[in-house]
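Asks: Below is the file coords.cif, with mmCIF, C-alpha atoms.
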data_protein
loop_
_atom_site.label_atom_id
_atom_site.label_comp_id
_atom_site.auth_asym_id
_atom_site.auth_seq_id
_atom_site.Cartn_x
_atom_site.Cartn_y
_atom_site.Cartn_z
CA MET A 80 0.00 0.00 0.00
CA GLU A 81 1.50 3.33 -1.05
CA LEU A 82 1.00 6.27 1.28
CA LEU A 83 2.09 9.33 -0.64
CA PRO A 84 2.39 12.90 0.57
CA PHE A 85 -1.01 14.53 0.26
CA ARG A 86 0.29 17.38 -1.83
CA LYS A 87 1.27 15.00 -4.63
CA SER A 88 -2.00 13.14 -4.85
CA ARG A 89 -4.95 15.50 -4.60
CA SER A 90 -6.20 14.62 -8.03
CA ASN A 91 -6.57 10.98 -7.03
CA ILE A 92 -8.69 11.53 -3.94
CA LYS A 93 -12.24 10.15 -4.04
CA PRO A 94 -14.05 10.79 -0.73
CA ILE A 95 -17.62 9.91 0.25
CA ALA A 96 -20.37 11.94 -1.43
CA ILE A 97 -21.95 14.73 0.55
CA LEU A 98 -25.18 16.07 -0.93
CA SER A 99 -25.18 19.61 -2.39
CA ILE A 100 -21.73 20.53 -1.12
CA ILE A 101 -19.10 22.04 -3.43
CA GLY A 102 -15.93 21.08 -1.58
CA ILE A 103 -15.20 20.55 2.07
CA VAL A 104 -14.17 23.29 4.46
CA LEU A 105 -10.47 23.15 5.34
CA LEU A 106 -9.86 21.69 8.77
CA ILE A 107 -7.48 24.20 10.34
CA THR A 108 -5.98 24.98 13.69
CA LEU A 109 -8.09 23.45 16.50
CA ILE A 110 -5.83 24.14 19.42
CA ARG A 111 -2.81 25.97 20.55
CA SER A 112 -0.10 23.34 20.46
CA SER A 113 3.41 23.12 21.80
CA TYR A 114 4.94 23.73 18.38
CA SER A 115 6.50 26.97 17.30
CA THR A 116 4.08 27.31 14.40
CA GLY A 117 0.33 26.86 14.53
CA PRO A 118 -1.35 23.61 13.53
CA GLN A 119 -1.53 22.97 9.82
CA TYR A 120 -3.65 20.62 7.78
CA SER A 121 -3.53 19.25 4.29
CA PRO A 122 -6.18 20.77 2.00
CA PRO A 123 -9.63 19.18 1.80
CA PRO A 124 -10.28 16.80 -1.07
CA ASP A 125 -11.52 18.03 -4.41
CA SER A 126 -15.24 18.20 -5.07
CA ASN A 127 -17.13 15.73 -7.24
CA PRO A 128 -16.59 12.78 -4.85
CA ALA A 129 -17.15 9.21 -5.93
CA ALA A 130 -18.84 6.27 -4.23
CA PRO A 131 -17.35 4.99 -0.94
CA PRO A 132 -15.07 1.97 -0.96
CA VAL A 133 -16.61 -1.40 -0.19
CA LEU A 134 -15.81 -2.50 3.36
CA ASN A 135 -16.01 -6.05 4.66
CA ASN A 136 -18.64 -6.85 7.30
CA ASN A 137 -19.76 -3.26 7.48
CA PRO A 138 -23.43 -2.98 6.42
CA ALA A 139 -25.28 0.04 7.69
CA ALA A 140 -28.00 -2.07 9.31
CA GLU A 141 -25.64 -4.46 11.09
CA ASP A 142 -26.86 -5.50 14.54
CA ILE A 143 -25.37 -3.24 17.21
CA LYS A 144 -26.19 -5.45 20.18
CA ILE A 145 -23.49 -6.77 22.49
CA THR A 146 -23.62 -9.85 24.69
CA ASP A 147 -23.53 -10.01 28.49
CA ASP A 148 -19.97 -11.34 28.36
CA GLN A 149 -18.87 -8.46 26.14
CA GLU A 150 -20.49 -5.89 28.41
CA THR A 151 -18.75 -7.18 31.53
CA CYS A 152 -15.37 -7.78 29.85
CA ASP A 153 -12.48 -5.56 30.85
CA ILE A 154 -11.72 -4.08 27.44
CA PHE A 155 -8.85 -2.00 28.79
CA THR A 156 -6.53 -4.89 29.72
CA GLY A 157 -4.98 -6.90 26.92
CA GLU A 158 -2.34 -7.09 24.22
CA TRP A 159 -1.74 -5.73 20.74
CA VAL A 160 -2.12 -8.36 18.01
CA PRO A 161 -1.42 -8.12 14.27
CA ASN A 162 -4.14 -6.73 12.03
CA PRO A 163 -2.97 -6.98 8.41
CA GLU A 164 -6.16 -5.31 7.12
CA ALA A 165 -5.31 -1.97 8.73
CA PRO A 166 -5.16 0.94 8.17
CA TYR A 167 -8.69 1.97 7.17
CA TYR A 168 -7.69 5.38 5.81
CA THR A 169 -4.47 7.03 4.67
CA ASN A 170 -3.09 10.53 4.36
CA ARG A 171 -4.36 10.38 0.76
CA THR A 172 -7.99 9.73 1.76
CA CYS A 173 -8.36 11.87 4.91
CA TRP A 174 -7.80 15.62 4.92
CA ALA A 175 -8.23 15.97 8.71
CA ILE A 176 -4.74 14.83 9.70
CA HIS A 177 -2.78 17.46 11.57
CA GLU A 178 0.52 18.16 9.85
CA HIS A 179 2.55 17.19 12.90
CA GLN A 180 0.90 13.76 13.00
CA ASN A 181 1.08 13.17 9.23
CA CYS A 182 3.99 10.75 9.60
CA MET A 183 3.85 9.27 6.10
CA LYS A 184 3.98 12.69 4.45
CA TYR A 185 7.18 13.49 6.30
CA GLY A 186 8.94 10.31 5.33
CA ARG A 187 8.40 7.72 8.03
CA PRO A 188 9.81 4.64 6.27
CA ASP A 189 7.94 1.87 8.09
CA THR A 190 4.21 1.03 8.05
CA GLU A 191 3.99 -1.88 10.49
CA PHE A 192 3.01 0.45 13.36
CA MET A 193 -0.39 0.87 11.64
CA LYS A 194 -1.10 -2.86 11.44
CA TRP A 195 -2.08 -3.79 14.99
CA LYS A 196 -5.34 -4.00 16.91
CA TRP A 197 -6.16 -4.16 20.60
CA LYS A 198 -7.19 -7.58 21.93
CA PRO A 199 -8.68 -7.49 25.45
CA GLU A 200 -8.18 -10.43 27.77
CA GLY A 201 -11.23 -12.69 27.82
CA CYS A 202 -13.21 -11.19 24.94
CA ASP A 203 -13.01 -9.73 21.45
CA LEU A 204 -13.26 -6.02 20.75
CA GLN A 205 -15.05 -5.19 17.53
CA LEU A 206 -13.15 -2.95 15.16
CA PHE A 207 -14.64 0.47 14.66
CA ASN A 208 -17.64 0.36 12.34
CA PRO A 209 -18.36 3.89 11.06
CA TYR A 210 -21.87 2.99 9.92
CA GLN A 211 -22.78 1.57 13.32
CA PHE A 212 -21.24 4.51 15.10
CA LEU A 213 -23.13 7.09 13.07
CA ASP A 214 -26.37 5.15 13.53
CA ILE A 215 -25.87 5.18 17.31
CA VAL A 216 -25.06 8.91 17.48
CA ARG A 217 -27.69 9.99 14.96
CA GLY A 218 -29.19 13.27 16.15
CA LYS A 219 -26.66 13.62 18.98
CA LYS A 220 -23.67 15.77 19.89
CA LEU A 221 -20.20 14.75 21.09
CA ALA A 222 -17.66 17.14 22.62
CA PHE A 223 -13.91 16.71 23.06
CA VAL A 224 -12.53 18.89 25.86
CA GLY A 225 -8.84 19.14 26.68
CA ASP A 226 -5.43 19.39 25.10
CA SER A 227 -3.74 18.43 21.83
CA VAL A 228 -4.08 14.69 22.54
CA GLY A 229 -7.84 15.22 22.59
CA ARG A 230 -7.55 16.98 19.25
CA ASN A 231 -5.49 14.02 18.02
CA GLN A 232 -8.36 11.71 19.04
CA MET A 233 -10.98 13.86 17.32
CA GLN A 234 -9.03 13.90 14.07
CA SER A 235 -8.64 10.13 14.22
CA MET A 236 -12.42 9.83 14.50
CA ILE A 237 -13.02 12.20 11.58
CA CYS A 238 -10.68 10.09 9.45
CA LEU A 239 -12.36 6.83 10.47
CA LEU A 240 -15.81 8.29 9.74
CA SER A 241 -14.64 9.61 6.35
CA ARG A 242 -15.46 6.21 4.89
CA VAL A 243 -19.10 7.23 5.29
CA GLU A 244 -19.22 11.02 5.30
CA TYR A 245 -17.16 14.16 5.82
CA PRO A 246 -18.47 16.83 8.22
CA ILE A 247 -19.04 20.49 7.45
CA ASP A 248 -17.86 23.35 9.62
CA VAL A 249 -20.75 24.82 11.66
CA SER A 250 -18.62 26.63 14.24
CA PRO A 251 -20.43 29.59 15.85
CA THR A 252 -17.17 31.51 16.19
CA SER A 253 -14.05 32.14 14.16
CA ASP A 254 -11.90 31.12 17.12
CA GLU A 255 -9.96 28.10 15.89
CA GLN A 256 -9.63 26.68 19.41
CA PHE A 257 -13.36 26.04 19.56
CA LYS A 258 -14.76 24.22 16.55
CA ARG A 259 -17.93 22.36 15.62
CA TRP A 260 -18.37 19.92 12.76
CA LYS A 261 -21.67 18.46 11.56
CA TYR A 262 -22.40 15.20 9.76
CA VAL A 263 -25.40 16.42 7.82
CA ASN A 264 -26.88 13.07 6.82
CA TYR A 265 -26.86 11.90 10.44
CA ASN A 266 -27.52 15.22 12.21
CA PHE A 267 -24.47 14.41 14.34
CA THR A 268 -22.27 17.21 15.66
CA VAL A 269 -18.69 17.00 16.95
CA GLY A 270 -17.36 19.85 19.09
CA TYR A 271 -13.83 20.64 20.20
CA PHE A 272 -12.99 22.86 23.18
CA TRP A 273 -9.36 23.73 23.81
CA SER A 274 -8.71 23.61 27.57
CA PRO A 275 -5.30 22.03 28.31
CA PHE A 276 -5.67 22.55 32.07
CA LEU A 277 -9.49 22.05 32.24
CA VAL A 278 -9.70 24.92 34.75
CA ARG A 279 -9.36 28.67 34.29
CA SER A 280 -5.82 29.56 33.31
CA GLU A 281 -3.81 32.36 31.79
CA GLU A 282 -0.29 32.82 30.54
CA ARG A 283 1.67 34.82 33.07
CA GLU A 284 4.87 35.05 31.00
CA SER A 285 5.53 33.94 27.44
CA ASP A 286 9.02 32.68 28.29
CA GLY A 287 9.39 31.73 31.95
CA PRO A 288 12.27 29.96 33.70
CA THR A 289 12.22 26.96 31.33
CA HIS A 290 11.41 28.97 28.16
CA THR A 291 8.07 27.17 27.68
CA GLY A 292 5.89 29.83 29.29
CA LEU A 293 4.73 30.48 32.85
CA PHE A 294 1.04 29.98 33.59
CA ASN A 295 -1.43 30.90 36.31
CA LEU A 296 -3.79 28.05 37.17
CA TYR A 297 -6.93 28.80 39.19
CA LEU A 298 -7.43 25.32 40.53
CA ASP A 299 -10.90 25.87 42.02
CA GLU A 300 -12.39 27.91 39.15
CA PHE A 301 -14.25 26.53 36.15
CA ASP A 302 -12.98 27.17 32.65
CA GLU A 303 -16.20 28.67 31.38
CA SER A 304 -15.05 28.49 27.77
CA TRP A 305 -16.24 24.88 27.87
CA THR A 306 -18.29 24.45 31.05
CA THR A 307 -20.95 26.92 29.88
CA GLN A 308 -21.19 25.29 26.44
CA ILE A 309 -21.78 21.60 27.19
CA ASP A 310 -25.46 21.59 28.17
CA GLU A 311 -26.55 20.69 24.66
CA PHE A 312 -24.08 17.80 24.29
CA ASP A 313 -25.00 14.14 24.77
CA TYR A 314 -21.42 12.97 25.28
CA VAL A 315 -18.40 14.84 26.64
CA ILE A 316 -14.88 13.38 26.58
CA ILE A 317 -12.38 15.21 28.80
CA ASN A 318 -8.63 14.72 28.90
CA ALA A 319 -5.60 16.52 30.29
CA GLY A 320 -2.07 15.51 31.13
CA HIS A 321 1.14 16.65 29.49
CA TRP A 322 0.56 20.38 30.01
CA PHE A 323 0.87 19.81 33.76
CA THR A 324 4.62 19.36 33.37
CA ARG A 325 4.81 23.05 32.44
CA VAL A 326 5.83 25.78 34.86
CA ALA A 327 2.80 27.23 36.65
CA VAL A 328 1.68 29.21 39.67
CA TYR A 329 -1.29 27.72 41.51
CA TYR A 330 -4.21 29.68 42.97
CA GLU A 331 -7.12 28.74 45.21
CA ASN A 332 -9.63 31.34 46.41
CA ARG A 333 -7.59 33.79 44.31
CA GLN A 334 -4.60 33.27 46.63
CA ILE A 335 -1.28 31.70 45.63
CA VAL A 336 -0.99 28.24 47.18
CA GLY A 337 2.17 27.06 45.45
CA CYS A 338 3.76 26.52 42.08
CA ARG A 339 5.72 24.06 39.97
CA PHE A 340 9.29 25.03 39.10
CA CYS A 341 8.32 28.72 38.99
CA GLN A 342 11.49 29.87 40.81
CA LEU A 343 9.60 32.78 42.36
CA PRO A 344 10.47 33.93 45.88
CA ASN A 345 8.40 32.76 48.87
CA ILE A 346 6.25 30.34 46.84
CA THR A 347 6.20 26.67 47.82
CA ASP A 348 7.10 24.23 45.05
CA ARG A 349 4.39 21.56 44.74
CA PRO A 350 4.46 18.12 43.09
CA HIS A 351 2.77 17.63 39.70
CA THR A 352 -0.17 15.83 41.24
CA PHE A 353 -1.02 18.77 43.51
CA ALA A 354 -2.55 20.72 40.63
CA TYR A 355 -3.56 17.64 38.65
CA ARG A 356 -5.80 16.32 41.43
CA ARG A 357 -7.47 19.64 42.08
CA THR A 358 -7.98 20.27 38.39
CA PHE A 359 -9.95 17.06 37.84
CA ARG A 360 -11.88 17.63 41.06
CA THR A 361 -12.95 21.02 39.74
CA ALA A 362 -13.74 19.69 36.25
CA PHE A 363 -15.94 16.92 37.64
CA LYS A 364 -17.62 19.44 39.93
CA ALA A 365 -18.38 21.60 36.91
CA LEU A 366 -20.00 18.65 35.14
CA ASN A 367 -22.00 17.69 38.22
CA GLU A 368 -23.31 21.21 38.74
CA ARG A 369 -24.57 21.78 35.19
CA ARG A 370 -28.27 21.24 35.80
CA ARG A 371 -29.16 21.30 32.12
CA PHE A 372 -26.42 18.90 31.14
CA LYS A 373 -27.99 15.44 30.94
CA GLY A 374 -25.28 13.69 28.95
CA VAL A 375 -22.60 11.13 29.67
CA SER A 376 -19.09 12.27 30.64
CA PHE A 377 -16.08 10.17 29.66
CA LEU A 378 -12.69 10.58 31.28
CA LYS A 379 -10.02 9.68 28.73
CA THR A 380 -7.13 8.62 30.91
CA PHE A 381 -3.52 9.73 30.71
CA SER A 382 -1.48 8.55 27.71
CA PRO A 383 2.21 8.12 28.57
CA SER A 384 4.91 9.57 26.36
CA HIS A 385 7.84 7.37 25.28
CA PHE A 386 10.98 9.51 25.31
CA GLU A 387 14.10 7.39 25.64
CA ASN A 388 17.76 8.38 26.08
CA GLY A 389 16.85 11.86 27.27
CA LEU A 390 14.01 14.23 28.05
CA TRP A 391 11.95 15.88 25.32
CA ASN A 392 14.27 18.91 25.27
CA GLU A 393 17.47 16.95 25.82
CA GLY A 394 17.59 14.76 22.73
CA GLY A 395 15.08 12.13 23.87
CA ASN A 396 13.44 10.17 21.08
CA CYS A 397 11.09 7.25 20.37
CA VAL A 398 12.57 4.97 17.70
CA ARG A 399 11.04 1.58 18.51
CA ARG A 400 9.20 -0.15 15.67
CA ARG A 401 7.02 -2.71 17.50
CA PRO A 402 4.61 -2.66 20.44
CA PHE A 403 5.65 -3.89 23.86
CA ARG A 404 4.09 -6.99 25.33
CA SER A 405 2.29 -6.32 28.61
CA ASN A 406 5.03 -8.13 30.56
CA GLN A 407 7.78 -5.97 29.06
CA THR A 408 6.90 -2.64 30.67
CA ALA A 409 4.81 -1.11 33.45
CA LEU A 410 3.57 2.29 34.53
CA ALA A 411 5.99 3.94 36.94
CA GLY A 412 7.01 7.27 38.35
CA LEU A 413 5.09 10.36 37.29
CA ASP A 414 3.01 8.46 34.73
CA LEU A 415 1.71 6.14 37.45
CA ASP A 416 1.06 9.02 39.84
CA MET A 417 -0.96 10.94 37.28
CA TYR A 418 -2.96 7.89 36.25
CA LEU A 419 -3.82 6.95 39.84
CA THR A 420 -4.74 10.55 40.61
CA GLN A 421 -7.18 10.57 37.72
CA LEU A 422 -8.78 7.32 38.87
CA GLU A 423 -9.19 8.53 42.45
CA GLU A 424 -10.90 11.76 41.43
CA PHE A 425 -13.03 9.95 38.84
CA ARG A 426 -14.30 7.48 41.43
CA ALA A 427 -15.02 10.29 43.88
CA ALA A 428 -17.15 12.03 41.22
CA GLN A 429 -18.93 8.77 40.43
CA ARG A 430 -19.81 8.20 44.07
CA LYS A 431 -21.76 11.45 44.15
CA GLY A 432 -24.21 9.86 41.73
CA GLU A 433 -25.40 13.15 40.27
CA LYS A 434 -24.25 12.56 36.68
CA ARG A 435 -23.16 9.65 34.51
CA PHE A 436 -19.37 9.27 34.45
CA ARG A 437 -17.59 6.63 32.39
CA LEU A 438 -13.91 5.70 32.22
CA LEU A 439 -12.29 5.52 28.79
CA ASP A 440 -9.10 3.94 30.08
CA THR A 441 -6.53 4.04 27.28
CA THR A 442 -3.48 4.10 29.54
CA GLN A 443 -2.33 0.47 29.40
CA ALA A 444 -2.96 0.11 25.70
CA MET A 445 -0.96 3.22 24.86
CA LEU A 446 1.82 2.42 27.32
CA LEU A 447 2.53 -0.56 25.08
CA ARG A 448 2.88 1.53 21.89
CA PRO A 449 6.26 3.29 21.86
CA ASP A 450 6.27 2.72 18.09
CA GLY A 451 3.23 4.87 17.35
CA HIS A 452 4.58 8.41 17.80
CA PRO A 453 5.68 10.80 15.05
CA SER A 454 9.21 11.21 16.44
CA LYS A 455 10.98 13.32 13.79
CA TYR A 456 8.39 12.52 11.12
CA GLY A 457 6.00 15.35 11.95
CA HIS A 458 7.88 18.06 10.09
CA TRP A 459 10.64 18.58 7.55
CA PRO A 460 14.22 18.14 8.89
CA ASP A 461 15.06 21.84 8.68
CA ASP A 462 11.81 23.09 10.28
CA LYS A 463 12.24 24.99 13.54
CA VAL A 464 9.83 23.39 16.01
CA VAL A 465 9.86 23.22 19.79
CA LEU A 466 9.08 19.50 20.02
CA TYR A 467 11.48 18.18 17.39
CA ASN A 468 11.08 14.52 18.36
CA ASP A 469 7.39 14.13 19.17
CA CYS A 470 6.89 11.16 21.49
CA VAL A 471 3.64 12.54 22.95
CA HIS A 472 1.14 12.61 20.08
CA TRP A 473 0.25 9.75 17.73
CA CYS A 474 0.71 9.20 14.02
CA LEU A 475 -2.44 9.10 11.91
CA PRO A 476 -3.26 6.47 10.95
CA GLY A 477 -1.90 4.72 14.00
CA PRO A 478 -2.55 3.29 17.47
CA ILE A 479 -4.85 6.13 18.52
CA ASP A 480 -7.46 4.81 16.06
CA THR A 481 -8.11 2.04 18.60
CA TRP A 482 -9.68 4.63 20.91
CA ALA A 483 -12.62 4.66 18.51
CA ASP A 484 -12.98 0.88 18.93
CA LEU A 485 -13.17 1.38 22.70
CA LEU A 486 -15.58 4.31 22.45
CA LEU A 487 -17.95 2.45 20.14
CA HIS A 488 -18.04 -0.48 22.56
CA MET A 489 -18.81 1.89 25.42
CA LEU A 490 -21.60 3.63 23.50
CA LYS A 491 -23.19 0.25 22.83
CA THR A 492 -22.94 -0.58 26.52
CA GLU A 493 -24.44 2.81 27.38
CA ALA A 494 -27.38 2.18 25.05
CA ARG A 495 -27.92 -1.19 26.70
CA ARG A 496 -27.93 0.41 30.17
CA TRP A 497 -30.41 3.05 29.01
CA TYR A 498 -32.73 0.38 27.61
CA ARG A 499 -32.64 -1.62 30.83
CA GLU A 500 -33.34 1.46 32.94
CA LYS A 501 -36.21 2.51 30.70
CA LYS A 502 -37.69 -0.98 30.76
CA LYS A 503 -37.42 -1.08 34.54
CA LYS A 504 -39.29 2.22 34.88
CA LEU A 505 -42.13 0.91 32.70
CA GLN A 506 -42.65 -2.19 34.81
#
Can you present the structure in this file as structure tokens?
Replies:
Amino acid sequence: MELLPFRKSRSNIKPIAILSIIGIVLLITLIRSSYSTGPQYSPPPDSNPAAPPVLNNNPAAEDIKITDDQETCDIFTGEWVPNPEAPYYTNRTCWAIHEHQNCMKYGRPDTEFMKWKWKPEGCDLQLFNPYQFLDIVRGKKLAFVGDSVGRNQMQSMICLLSRVEYPIDVSPTSDEQFKRWKYVNYNFTVGYFWSPFLVRSEERESDGPTHTGLFNLYLDEFDESWTTQIDEFDYVIINAGHWFTRVAVYYENRQIVGCRFCQLPNITDRPHTFAYRRTFRTAFKALNERRRFKGVSFLKTFSPSHFENGLWNEGGNCVRRRPFRSNQTALAGLDLDMYLTQLEEFRAAQRKGEKRFRLLDTTQAMLLRPDGHPSKYGHWPDDKVVLYNDCVHWCLPGPIDTWADLLLHMLKTEARRWYREKKKKLQ
């Protein structure tokens, strides 16, 4: 399979037909990233699309039921197994790939990292079926809230759904950090809300002691850029993680309560989890207190980076070409602390019983994928970027596409729960 740079193959692109649309709106910057230049995307495909490709075992009316065993199976514990049929899109067929995750365009020589699927212990996980997914979310709205990894997940989903339909831009604002996309034939809307800390924050200095900025985090205050917008959404997926390694000053009740590596006089240095715990506590509180929000909230857990032989700014890189087996590595150090902190705050929010919270636990699966990052293949060799070797985000196509498999399974389970509850009320 030949994966050519998008710029050399526009004339060969044949996406799914979208009625009465002359071209697709360019997917542009969705978030403020850690790169020196803003996010870039390949152009949308030409108009006059042709019929979709034929997919095996993918009829639109396929049964979406799951069995009792599948519902109770731990889908988050398992191994990666070969999947020679993957990938299900390329950088020639999907225009939504962020430039810094377009690994094939920038010369990544291997393709094996795309040819794996997640196999849970004790059950099978169905591969993402875009027809099923769009049938389930017909007439609904899904929001991604968080940082650039959340944007990475959203773009993966757009690419997987491109086998059926491309969305149109229906954003109510020109602000590229807050976008909405609509799948017209399914009346399904996807929203993206840039909030890397999930709580109210501001940049205190553009440089700071580590030259990556200095931020003020108001750990007990809602980030109203997203909390006031979610009432209309049926599903909200929140994530946050890697931005908490940045230098920041922490506030509670508008008073400084500490910082992380800020090097300011008379301010106590706090561990990473100090702010991380309080941030998720505040985010879950925001969700619980939205009276008009009746949807389901998913916590997408922390995805470890895979820098080896140095930190991200000290020559560290990720050059492995195969997944780990589960007995070859384990969460440790800061990664483990952040993951456990998320779980503790998630369970505390669940115990309140005011809203529906679900855990989209991608941590173990992604811990095993050191081969799936862009590394140096997210830009040209002479480009000046802050994160030269990217071992945080994920190539598209790549391992992050499995998150859609997990989400589809969870939406089926959610529908089953809803049916049982409704049936119980009628008895």
Asks: Specify as a list in words each residue included when the PyMOL selection byres ((chain A and resi 212) around 10) is applied to this file.
Replies: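 Answer for the PyMOL selection byres ((chain A and resi 212) around 10): Ala139, Ile143, Phe207, Asn208, Pro209, Tyr210, Gln211, Leu213, Asp214, Ile215, Val216, Arg217, Leu240, Ala483, Asp484, Leu486, Leu487, His488, Leu490 and Lys491 of chain A.
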Asks: Given only C-alpha atoms, how would the per-residue table for range 389-503 of chain A near range 366-377 of chain A read, listing every residue at most 9 Å away with its closest atom pair and distance in Å to one decimal, sorted by chain and number, as a tab-separated table?
Replies:
residue	atom	partner	partner_atom	distance
A:Ala428	CA	A:Asn367	CA	8.0
A:Lys431	CA	A:Asn367	CA	8.6
A:Gly432	CA	A:Asn367	CA	8.9
A:Glu433	CA	A:Asn367	CA	6.0
A:Lys434	CA	A:Asn367	CA	5.8
A:Arg435	CA	A:Val375	CA	5.1
A:Phe436	CA	A:Ser376	CA	4.9
A:Arg437	CA	A:Phe377	CA	4.7
A:Leu438	CA	A:Phe377	CA	5.6
A:Leu439	CA	A:Phe377	CA	6.1
A:Glu493	CA	A:Val375	CA	8.8
Asks: Would you compute the distance between CA of Tyr185 in chain A and CA of Ile237 in chain A? Give it in Å to one decimal.
Replies: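 One can read the CA of Tyr185 in chain A to CA of Ile237 in chain A distance as 20.9 Å.
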Asks: As a check of understanding, name the residues that the PyMOL selection byres ((chain A and resi 383) around 7) selects in the supplied structure, as a list in words.
Replies: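 For this structure, the PyMOL selection byres ((chain A and resi 383) around 7) resolves to Phe381, Ser382, Ser384, His385, Asp414, Met445 and Leu446 of chain A.
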Asks: Restricting the calculation to only C-alpha atoms: of A:Val228, A:Val263, A:Val464, A:Leu206, which residue gets closest to His177 in chain A?
Replies: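 Distance minimum relative to His177 in chain A lands on A:Val228.
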